[in-house]
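Next comes start.pdb, with PDB, C-alpha atoms.
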```pdb
MODEL        1
ATOM      1  CA  PRO A   1     -30.320  11.300 -17.907
ATOM      2  CA  TRP A   2     -28.948  13.587 -15.235
ATOM      3  CA  PRO A   3     -28.572  10.822 -12.576
ATOM      4  CA  VAL A   4     -26.328   8.892 -14.959
ATOM      5  CA  ALA A   5     -24.390  12.073 -15.729
ATOM      6  CA  ALA A   6     -23.977  12.747 -11.999
ATOM      7  CA  LEU A   7     -22.763   9.187 -11.431
ATOM      8  CA  VAL A   8     -20.251   9.492 -14.280
ATOM      9  CA  LEU A   9     -19.069  12.808 -12.825
ATOM     10  CA  VAL A  10     -18.530  11.313  -9.372
ATOM     11  CA  VAL A  11     -16.681   8.306 -10.792
ATOM     12  CA  GLY A  12     -14.554  10.575 -12.972
ATOM     13  CA  LEU A  13     -13.606  12.728 -10.004
ATOM     14  CA  MET A  14     -12.833   9.814  -7.678
ATOM     15  CA  SER A  15     -11.089   7.411 -10.055
ATOM     16  CA  PRO A  16      -7.767   9.329 -10.384
ATOM     17  CA  ARG A  17      -7.314   9.481  -6.601
ATOM     18  CA  PHE A  18      -8.266   5.809  -6.331
ATOM     19  CA  LEU A  19      -5.855   4.741  -9.082
ATOM     20  CA  VAL A  20      -3.000   6.808  -7.656
ATOM     21  CA  GLY A  21      -3.650   5.322  -4.224
ATOM     22  CA  GLN A  22      -3.605   1.797  -5.646
ATOM     23  CA  LEU A  23      -0.310   2.444  -7.458
ATOM     24  CA  ARG A  24       1.194   3.984  -4.324
ATOM     25  CA  ARG A  25       0.192   1.011  -2.175
ATOM     26  CA  ALA A  26       1.541  -1.440  -4.767
ATOM     27  CA  ARG A  27       4.859   0.421  -4.781
ATOM     28  CA  GLN A  28       4.945   0.395  -0.978
ATOM     29  CA  ARG A  29       4.384  -3.373  -0.943
ATOM     30  CA  ARG A  30       7.197  -3.993  -3.432
ATOM     31  CA  LEU A  31       9.585  -1.774  -1.481
ATOM     32  CA  TYR A  32       8.572  -3.389   1.802
ATOM     33  CA  ALA A  33       9.276  -6.850   0.392
ATOM     34  CA  GLN A  34      12.775  -5.756  -0.702
ATOM     35  CA  LEU A  35      13.826  -4.313   2.660
ATOM     36  CA  PRO A  36      14.974  -7.443   4.570
ATOM     37  CA  ASP A  37      17.341  -8.629   1.829
ATOM     38  CA  ALA A  38      18.630  -5.095   1.342
ATOM     39  CA  LEU A  39      19.372  -4.689   5.045
ATOM     40  CA  GLN A  40      21.166  -8.024   5.126
ATOM     41  CA  ALA A  41      23.271  -7.026   2.116
ATOM     42  CA  TRP A  42      24.028  -3.671   3.759
ATOM     43  CA  ALA A  43      25.158  -5.430   6.922
ATOM     44  CA  GLY A  44      27.396  -7.714   4.856
ATOM     45  CA  LEU A  45      29.041  -4.754   3.145
ATOM     46  CA  LEU A  46      29.641  -3.072   6.507
ATOM     47  CA  SER A  47      31.163  -6.226   7.985
ATOM     48  CA  SER A  48      33.501  -6.540   4.987
ATOM     49  CA  GLY A  49      35.083  -3.169   5.783
ATOM     50  CA  HIS A  50      33.084  -0.656   3.768
ATOM     51  CA  GLY A  51      32.067   2.640   5.265
ATOM     52  CA  MET A  52      28.422   3.459   5.788
ATOM     53  CA  ASN A  53      28.089   5.788   2.789
ATOM     54  CA  SER A  54      30.100   3.618   0.409
ATOM     55  CA  ALA A  55      28.135   0.529   1.439
ATOM     56  CA  LEU A  56      24.881   2.422   0.881
ATOM     57  CA  ALA A  57      26.089   3.536  -2.570
ATOM     58  CA  GLN A  58      26.944  -0.036  -3.588
ATOM     59  CA  LEU A  59      23.638  -1.263  -2.216
ATOM     60  CA  ALA A  60      21.765   1.358  -4.245
ATOM     61  CA  GLU A  61      23.432   0.170  -7.455
ATOM     62  CA  ARG A  62      22.544  -3.468  -6.819
ATOM     63  CA  GLN A  63      18.920  -3.096  -5.767
ATOM     64  CA  ALA A  64      16.030  -3.277  -8.201
ATOM     65  CA  ARG A  65      13.278  -0.712  -8.396
ATOM     66  CA  PRO A  66      11.595   0.809  -6.447
ATOM     67  CA  LEU A  67      14.017   0.424  -3.538
ATOM     68  CA  GLY A  68      17.005   1.068  -5.796
ATOM     69  CA  ASP A  69      15.597   4.423  -6.872
ATOM     70  CA  GLU A  70      14.982   5.490  -3.291
ATOM     71  CA  LEU A  71      18.464   4.433  -2.188
ATOM     72  CA  LYS A  72      20.068   6.336  -5.071
ATOM     73  CA  LEU A  73      18.198   9.421  -3.926
ATOM     74  CA  LEU A  74      19.507   8.816  -0.399
ATOM     75  CA  VAL A  75      23.064   8.571  -1.727
ATOM     76  CA  ARG A  76      22.686  11.877  -3.580
ATOM     77  CA  GLN A  77      21.300  13.528  -0.448
ATOM     78  CA  SER A  78      24.189  12.157   1.636
ATOM     79  CA  ARG A  79      26.731  13.508  -0.843
ATOM     80  CA  MET A  80      25.096  16.921  -0.498
ATOM     81  CA  GLY A  81      25.705  16.837   3.259
ATOM     82  CA  MET A  82      22.478  15.433   4.669
ATOM     83  CA  PRO A  83      22.980  12.888   7.513
ATOM     84  CA  ALA A  84      21.903   9.321   6.764
ATOM     85  CA  ASP A  85      19.238   9.301   9.471
ATOM     86  CA  GLY A  86      17.793  12.570   8.119
ATOM     87  CA  ALA A  87      17.699  11.119   4.618
ATOM     88  CA  PHE A  88      15.883   8.057   5.927
ATOM     89  CA  ASP A  89      13.445  10.310   7.802
ATOM     90  CA  ALA A  90      12.621  11.960   4.476
ATOM     91  CA  LEU A  91      12.190   8.506   2.936
ATOM     92  CA  CYS A  92       9.774   7.578   5.740
ATOM     93  CA  ARG A  93       7.686  10.638   4.999
ATOM     94  CA  ARG A  94       7.532   9.714   1.310
ATOM     95  CA  ILE A  95       6.812   6.010   1.756
ATOM     96  CA  GLY A  96       5.128   5.828   5.164
ATOM     97  CA  THR A  97       6.240   2.282   6.057
ATOM     98  CA  PRO A  98       6.623   1.674   9.830
ATOM     99  CA  ASP A  99       9.701  -0.507   9.316
ATOM    100  CA  LEU A 100      11.469   2.387   7.615
ATOM    101  CA  MET A 101      10.768   4.454  10.719
ATOM    102  CA  LEU A 102      12.471   1.744  12.773
ATOM    103  CA  LEU A 103      15.453   1.884  10.419
ATOM    104  CA  ALA A 104      15.664   5.676  10.677
ATOM    105  CA  THR A 105      15.530   5.445  14.468
ATOM    106  CA  LEU A 106      18.227   2.762  14.435
ATOM    107  CA  LEU A 107      20.535   4.920  12.316
ATOM    108  CA  ARG A 108      19.941   7.948  14.537
ATOM    109  CA  VAL A 109      20.704   5.993  17.718
ATOM    110  CA  THR A 110      23.810   4.447  16.158
ATOM    111  CA  ARG A 111      25.086   7.856  15.034
ATOM    112  CA  GLU A 112      24.500   9.454  18.430
ATOM    113  CA  LEU A 113      25.414   6.600  20.798
ATOM    114  CA  GLY A 114      27.545   4.273  18.684
ATOM    115  CA  GLY A 115      27.261   0.500  18.396
ATOM    116  CA  ASN A 116      27.591  -2.263  15.833
ATOM    117  CA  LEU A 117      25.404  -1.128  12.960
ATOM    118  CA  GLY A 118      25.871  -4.375  11.005
ATOM    119  CA  GLU A 119      24.494  -6.569  13.779
ATOM    120  CA  SER A 120      21.619  -4.163  14.385
ATOM    121  CA  LEU A 121      20.724  -4.257  10.677
ATOM    122  CA  LEU A 122      20.754  -8.059  10.711
ATOM    123  CA  ARG A 123      18.419  -8.164  13.711
ATOM    124  CA  LEU A 124      16.098  -5.651  12.061
ATOM    125  CA  ALA A 125      16.093  -7.701   8.851
ATOM    126  CA  GLY A 126      15.113 -10.804  10.834
ATOM    127  CA  LEU A 127      12.331  -8.874  12.553
ATOM    128  CA  MET A 128      11.012  -7.669   9.182
ATOM    129  CA  ARG A 129      11.044 -11.196   7.732
ATOM    130  CA  ALA A 130       9.112 -12.551  10.710
ATOM    131  CA  ARG A 131       6.572  -9.749  10.414
ATOM    132  CA  GLN A 132       6.146 -10.289   6.687
ATOM    133  CA  ALA A 133       5.597 -14.002   7.278
ATOM    134  CA  VAL A 134       2.848 -13.243   9.804
ATOM    135  CA  GLU A 135       1.235 -10.758   7.419
ATOM    136  CA  ALA A 136       1.311 -13.305   4.587
ATOM    137  CA  ARG A 137      -0.379 -15.876   6.815
ATOM    138  CA  ILE A 138      -3.050 -13.355   7.822
ATOM    139  CA  ARG A 139      -3.707 -12.525   4.164
ATOM    140  CA  SER A 140      -4.129 -16.207   3.357
ATOM    141  CA  LEU A 141      -6.501 -16.711   6.293
ATOM    142  CA  THR A 142      -8.627 -13.690   5.394
ATOM    143  CA  ALA A 143      -8.698 -14.384   1.640
ATOM    144  CA  GLN A 144     -12.021 -16.229   1.950
ATOM    145  CA  GLY A 145     -13.604 -13.282   3.753
ATOM    146  CA  ARG A 146     -12.395 -10.844   1.092
ATOM    147  CA  LEU A 147     -13.751 -13.087  -1.664
ATOM    148  CA  GLN A 148     -17.102 -13.427   0.117
ATOM    149  CA  GLY A 149     -17.310  -9.661   0.412
ATOM    150  CA  LEU A 150     -16.625  -9.262  -3.300
ATOM    151  CA  ILE A 151     -19.225 -11.868  -4.273
ATOM    152  CA  VAL A 152     -21.883 -10.491  -1.927
ATOM    153  CA  GLY A 153     -21.207  -6.981  -3.175
ATOM    154  CA  MET A 154     -21.513  -7.982  -6.829
ATOM    155  CA  LEU A 155     -24.694 -10.044  -6.391
ATOM    156  CA  PRO A 156     -27.142  -7.085  -6.322
ATOM    157  CA  ILE A 157     -25.502  -5.536  -9.375
ATOM    158  CA  GLY A 158     -25.574  -8.842 -11.254
ATOM    159  CA  LEU A 159     -29.201  -9.418 -10.290
ATOM    160  CA  MET A 160     -30.127  -5.937 -11.497
ATOM    161  CA  VAL A 161     -28.458  -6.579 -14.872
ATOM    162  CA  VAL A 162     -30.276  -9.912 -15.245
ATOM    163  CA  LEU A 163     -33.641  -8.326 -14.385
ATOM    164  CA  CYS A 164     -33.000  -5.552 -16.916
ATOM    165  CA  PHE A 165     -32.923  -8.233 -19.617
ATOM    166  CA  MET A 166     -35.784 -10.299 -18.186
ATOM    167  CA  GLU A 167     -38.196  -7.480 -17.210
ATOM    168  CA  PRO A 168     -37.229  -4.319 -19.119
ATOM    169  CA  PRO A 169     -40.517  -2.424 -18.524
ATOM    170  CA  ALA A 170     -40.436  -2.955 -14.760
ATOM    171  CA  MET A 171     -36.729  -2.136 -14.444
ATOM    172  CA  ALA A 172     -37.093   0.961 -16.617
ATOM    173  CA  MET A 173     -38.831   2.697 -13.706
ATOM    174  CA  LEU A 174     -35.561   2.616 -11.782
ATOM    175  CA  PHE A 175     -33.935   4.812 -14.397
ATOM    176  CA  THR A 176     -36.819   7.067 -15.432
ATOM    177  CA  ARG A 177     -38.593   8.033 -12.183
ATOM    178  CA  PRO A 178     -37.363   9.945  -9.110
ATOM    179  CA  ALA A 179     -38.330   7.084  -6.810
ATOM    180  CA  GLY A 180     -36.204   4.737  -8.896
ATOM    181  CA  TRP A 181     -33.289   7.156  -8.742
ATOM    182  CA  ALA A 182     -33.625   7.265  -4.966
ATOM    183  CA  VAL A 183     -33.566   3.456  -4.838
ATOM    184  CA  LEU A 184     -30.433   3.375  -7.015
ATOM    185  CA  GLY A 185     -28.782   5.939  -4.769
ATOM    186  CA  LEU A 186     -29.662   3.915  -1.673
ATOM    187  CA  ILE A 187     -28.264   0.764  -3.307
ATOM    188  CA  ALA A 188     -25.017   2.558  -4.147
ATOM    189  CA  VAL A 189     -24.636   3.876  -0.585
ATOM    190  CA  LEU A 190     -25.307   0.442   0.941
ATOM    191  CA  GLU A 191     -22.864  -1.191  -1.479
ATOM    192  CA  VAL A 192     -20.102   1.231  -0.503
ATOM    193  CA  LEU A 193     -20.812   0.862   3.212
ATOM    194  CA  GLY A 194     -20.823  -2.931   2.954
ATOM    195  CA  PHE A 195     -17.532  -2.911   1.054
ATOM    196  CA  LEU A 196     -15.871  -0.639   3.620
ATOM    197  CA  LEU A 197     -17.233  -2.659   6.537
ATOM    198  CA  ILE A 198     -15.999  -5.991   5.175
ATOM    199  CA  ARG A 199     -12.654  -4.420   4.321
ATOM    200  CA  ARG A 200     -12.279  -3.178   7.877
ATOM    201  CA  ILE A 201     -13.242  -6.571   9.338
ATOM    202  CA  VAL A 202     -10.600  -8.476   7.350
ATOM    203  CA  ALA A 203      -7.897  -5.798   7.799
ATOM    204  CA  ILE A 204      -5.718  -6.986  10.704
ATOM    205  CA  ASP A 205      -2.699  -4.963  11.774
ATOM    206  CA  VAL A 206       0.409  -6.836  12.816
TER     207      VAL A 206
ENDMDL
END
```
With the file now loaded, output its structure as structure tokens.
Amino acid sequence: PWPVAALVLVVGLMSPRFLVGQLRRARQRRLYAQLPDALQAWAGLLSSGHGMNSALAQLAERQARPLGDELKLLVRQSRMGMPADGAFDALCRRIGTPDLMLLATLLRVTRELGGNLGESLLRLAGLMRARQAVEARIRSLTAQGRLQGLIVGMLPIGLMVVLCFMEPPAMAMLFTRPAGWAVLGLIAVLEVLGFLLIRRIVAIDV
């Protein structure tokens, strides 16, 4: 039936963007979790006498993916003549993490005004750890709300499947008549709106 074909078309068009967005956010979370330890290691290399670029090169070799890949790209850009703060600005545009913007600003200020970069990196690493701890606590406190939203959202779909087995003639009107198609469309719209509303309620910025 054409409503089913239209639904499959919409899902087929939206699913690649959704999957790419999910993979991008997962990569951002992994990189964000690696940043505090990486900054602390970078500060240790600077305090042991390494230059900024050599310390960044050693850090890039020691870090796991995805942060290691990004740092290796930064090292290649630095060797081609790009300043470190400019390379980190490009990284911020690719990743979009606010803490990376703080790091880029810190490097720019240090390059222009001077200062102890190692101590500044250590303070920034401590700030990131504290922020990550708060975010983890918020996620644990809002986990029940997210689960309730998932259960409430799946209940109408589960009930419709059960009724399709219990009352096939009555449920067949949903799939064979225009009024039934309109009801299915309304259900889909309300499901999406409810999901977005609950997601916004439990999403708390730190």
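Applied to this file, the PyMOL selection byres ((chain A and resi 150-162) around 9) selects the residues A:Gly145, A:Arg146, A:Leu147, A:Gln148, A:Gly149, A:Leu163, A:Cys164, A:Phe165, A:Met166, A:Glu167, A:Met171, A:Ile187, A:Glu191, A:Val192, A:Gly194, A:Phe195.
Among the candidates A:Gln144, A:Ser54, A:Gln22, A:Gln63, the one nearest to Asp37 of chain A when counting all atoms listed in the file is A:Gln63.
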Exercise on segment 69-88 of chain A, axis-aligned box with 6 Å per side, report centre and edge lengths in Å to one decimal, as lines of an AutoDock Vina configuration file:
```
center_x = 20.9
center_y = 10.7
center_z = 1.3
size_x = 23.7
size_y = 24.5
size_z = 28.3
```
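Using only C-alpha atoms, the smallest distance between any of A:Leu122, A:Leu197, A:Met52, A:Leu186 and Ala84 of chain A comes from A:Met52.
The closest residue to Arg79 of chain A, picked from A:Met101, A:Leu56, A:Leu106, A:Leu35 and counting all atoms listed in the file, is A:Leu56.
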Note to self: I'd like to know which of A:Gln77, A:Ser15, A:Thr97, A:Ser120 is closest to Gly44 of chain A, using all atoms listed in the file.
What the structure shows: A:Ser120
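The interatomic distance for the pair atom CA of Asn116 of chain A and atom CA of Arg65 of chain A works out to 28.2 Å.
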Determine the residue membership of the PyMOL selection byres ((chain A and resi 102) around 12) for the file above and supply it as an mmCIF file with C-alpha atoms, in the coordinates of the input.
```
data_model
loop_
_atom_site.group_PDB
_atom_site.id
_atom_site.type_symbol
_atom_site.label_atom_id
_atom_site.label_comp_id
_atom_site.auth_asym_id
_atom_site.auth_seq_id
_atom_site.Cartn_x
_atom_site.Cartn_y
_atom_site.Cartn_z
ATOM 1 C CA LEU A 35 13.826 -4.313 2.660
ATOM 2 C CA ASP A 85 19.238 9.301 9.471
ATOM 3 C CA PHE A 88 15.883 8.057 5.927
ATOM 4 C CA ASP A 89 13.445 10.310 7.802
ATOM 5 C CA LEU A 91 12.190 8.506 2.936
ATOM 6 C CA CYS A 92 9.774 7.578 5.740
ATOM 7 C CA GLY A 96 5.128 5.828 5.164
ATOM 8 C CA THR A 97 6.240 2.282 6.057
ATOM 9 C CA PRO A 98 6.623 1.674 9.830
ATOM 10 C CA ASP A 99 9.701 -0.507 9.316
ATOM 11 C CA LEU A 100 11.469 2.387 7.615
ATOM 12 C CA MET A 101 10.768 4.454 10.719
ATOM 13 C CA LEU A 103 15.453 1.884 10.419
ATOM 14 C CA ALA A 104 15.664 5.676 10.677
ATOM 15 C CA THR A 105 15.530 5.445 14.468
ATOM 16 C CA LEU A 106 18.227 2.762 14.435
ATOM 17 C CA LEU A 107 20.535 4.920 12.316
ATOM 18 C CA ARG A 108 19.941 7.948 14.537
ATOM 19 C CA VAL A 109 20.704 5.993 17.718
ATOM 20 C CA SER A 120 21.619 -4.163 14.385
ATOM 21 C CA LEU A 121 20.724 -4.257 10.677
ATOM 22 C CA ARG A 123 18.419 -8.164 13.711
ATOM 23 C CA LEU A 124 16.098 -5.651 12.061
ATOM 24 C CA ALA A 125 16.093 -7.701 8.851
ATOM 25 C CA LEU A 127 12.331 -8.874 12.553
ATOM 26 C CA MET A 128 11.012 -7.669 9.182
#
```
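A straight line drawn from atom CA of Gly115 of chain A to atom CA of Arg131 of chain A is 24.4 Å long.
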Next item on the list: For Phe175 of chain A, work out the shell of residues within 12 Å, counting only C-alpha atoms and skipping chain neighbours fewer than 5 positions away, then give it as a list in words.
Entry: Pro1, Trp2, Pro3, Val4, Met160, Cys164, Pro168, Pro169, Ala170, Gly180, Trp181, Ala182, Val183, Leu184 and Gly185 of chain A
Checklist line | Distance in Å - atom CA of Val11 of chain A versus atom CA of Ile201 of chain A | finding: 25.3 Å
Next item on the list: Report the residues retrieved by the PyMOL selection byres ((chain A and resi 47) around 12) from the displayed file, expressed as a ChimeraX atom specification.
Entry: /A:40-46,48-52,55,116-122
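Closest approach to Gln58 of chain A among A:Met80, A:Leu193, A:Ala38, A:Ala143 is made by A:Ala38 (distances from all atoms listed in the file).
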Note to self: Just checking: using only C-alpha atoms, which residue out of A:Ala179, A:Met14, A:Val202, A:Asn53 ends up closest to Pro83 of chain A?
What the structure shows: A:Asn53
Working from the structure I just supplied, which lacks atoms in segment 168-179 of chain A, can you model all heavy atoms there and output them as a compact mmCIF listing (two decimals), in the frame of the given file?
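See part-v2.txt below for the written result:
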```txt
# COMPACT_ATOMS: atom_id res chain seq x y z
N PRO A 168 -37.62 -5.70 -18.79
CA PRO A 168 -37.23 -4.32 -19.12
C PRO A 168 -38.26 -3.28 -18.71
O PRO A 168 -37.87 -2.21 -18.20
CB PRO A 168 -37.03 -4.37 -20.65
CG PRO A 168 -36.81 -5.81 -20.96
CD PRO A 168 -37.60 -6.59 -19.96
N PRO A 169 -39.57 -3.49 -18.92
CA PRO A 169 -40.52 -2.42 -18.52
C PRO A 169 -40.51 -2.13 -17.03
O PRO A 169 -40.58 -0.97 -16.61
CB PRO A 169 -41.88 -2.99 -18.97
CG PRO A 169 -41.56 -3.99 -20.02
CD PRO A 169 -40.27 -4.60 -19.59
N ALA A 170 -40.43 -3.17 -16.21
CA ALA A 170 -40.44 -2.96 -14.76
C ALA A 170 -39.13 -2.28 -14.30
O ALA A 170 -39.16 -1.37 -13.46
CB ALA A 170 -40.63 -4.29 -14.04
N MET A 171 -38.00 -2.71 -14.85
CA MET A 171 -36.73 -2.14 -14.44
C MET A 171 -36.53 -0.73 -14.99
O MET A 171 -35.72 0.03 -14.45
CB MET A 171 -35.59 -3.05 -14.90
CG MET A 171 -35.58 -4.41 -14.24
SD MET A 171 -35.38 -4.32 -12.44
CE MET A 171 -33.72 -3.69 -12.32
N ALA A 172 -37.26 -0.38 -16.05
CA ALA A 172 -37.09 0.96 -16.62
C ALA A 172 -37.51 2.04 -15.63
O ALA A 172 -37.02 3.18 -15.69
CB ALA A 172 -37.91 1.08 -17.90
N MET A 173 -38.41 1.71 -14.69
CA MET A 173 -38.83 2.70 -13.71
C MET A 173 -37.69 3.12 -12.78
O MET A 173 -37.71 4.20 -12.21
CB MET A 173 -40.01 2.14 -12.89
CG MET A 173 -41.29 1.99 -13.70
SD MET A 173 -42.71 1.53 -12.67
CE MET A 173 -42.25 -0.15 -12.21
N LEU A 174 -36.71 2.24 -12.61
CA LEU A 174 -35.56 2.62 -11.78
C LEU A 174 -34.76 3.75 -12.40
O LEU A 174 -34.11 4.53 -11.68
CB LEU A 174 -34.65 1.40 -11.56
CG LEU A 174 -35.09 0.35 -10.56
CD1 LEU A 174 -34.14 -0.82 -10.57
CD2 LEU A 174 -35.18 0.95 -9.17
N PHE A 175 -34.78 3.84 -13.71
CA PHE A 175 -33.94 4.81 -14.40
C PHE A 175 -34.70 6.02 -14.94
O PHE A 175 -34.08 6.96 -15.42
CB PHE A 175 -33.21 4.12 -15.56
CG PHE A 175 -32.45 2.90 -15.16
CD1 PHE A 175 -32.99 1.63 -15.31
CD2 PHE A 175 -31.19 3.01 -14.59
CE1 PHE A 175 -32.28 0.50 -14.94
CE2 PHE A 175 -30.48 1.89 -14.21
CZ PHE A 175 -31.02 0.63 -14.38
N THR A 176 -36.02 5.98 -14.84
CA THR A 176 -36.82 7.07 -15.43
C THR A 176 -37.66 7.84 -14.42
O THR A 176 -38.22 8.87 -14.78
CB THR A 176 -37.76 6.49 -16.51
OG1 THR A 176 -38.60 5.48 -15.94
CG2 THR A 176 -36.96 5.88 -17.66
N ARG A 177 -37.75 7.36 -13.18
CA ARG A 177 -38.59 8.03 -12.18
C ARG A 177 -37.76 8.44 -10.96
O ARG A 177 -36.77 7.76 -10.63
CB ARG A 177 -39.73 7.12 -11.74
CG ARG A 177 -40.70 6.77 -12.88
CD ARG A 177 -41.89 5.99 -12.38
NE ARG A 177 -42.81 5.68 -13.46
CZ ARG A 177 -43.97 5.03 -13.29
NH1 ARG A 177 -44.32 4.67 -12.07
NH2 ARG A 177 -44.74 4.78 -14.32
N PRO A 178 -38.12 9.51 -10.31
CA PRO A 178 -37.36 9.94 -9.11
C PRO A 178 -37.29 8.89 -8.02
O PRO A 178 -36.27 8.76 -7.35
CB PRO A 178 -38.13 11.19 -8.64
CG PRO A 178 -38.81 11.70 -9.88
CD PRO A 178 -39.17 10.48 -10.68
N ALA A 179 -38.36 8.14 -7.83
CA ALA A 179 -38.33 7.08 -6.81
C ALA A 179 -37.29 6.02 -7.18
O ALA A 179 -36.58 5.51 -6.31
CB ALA A 179 -39.72 6.45 -6.68
```
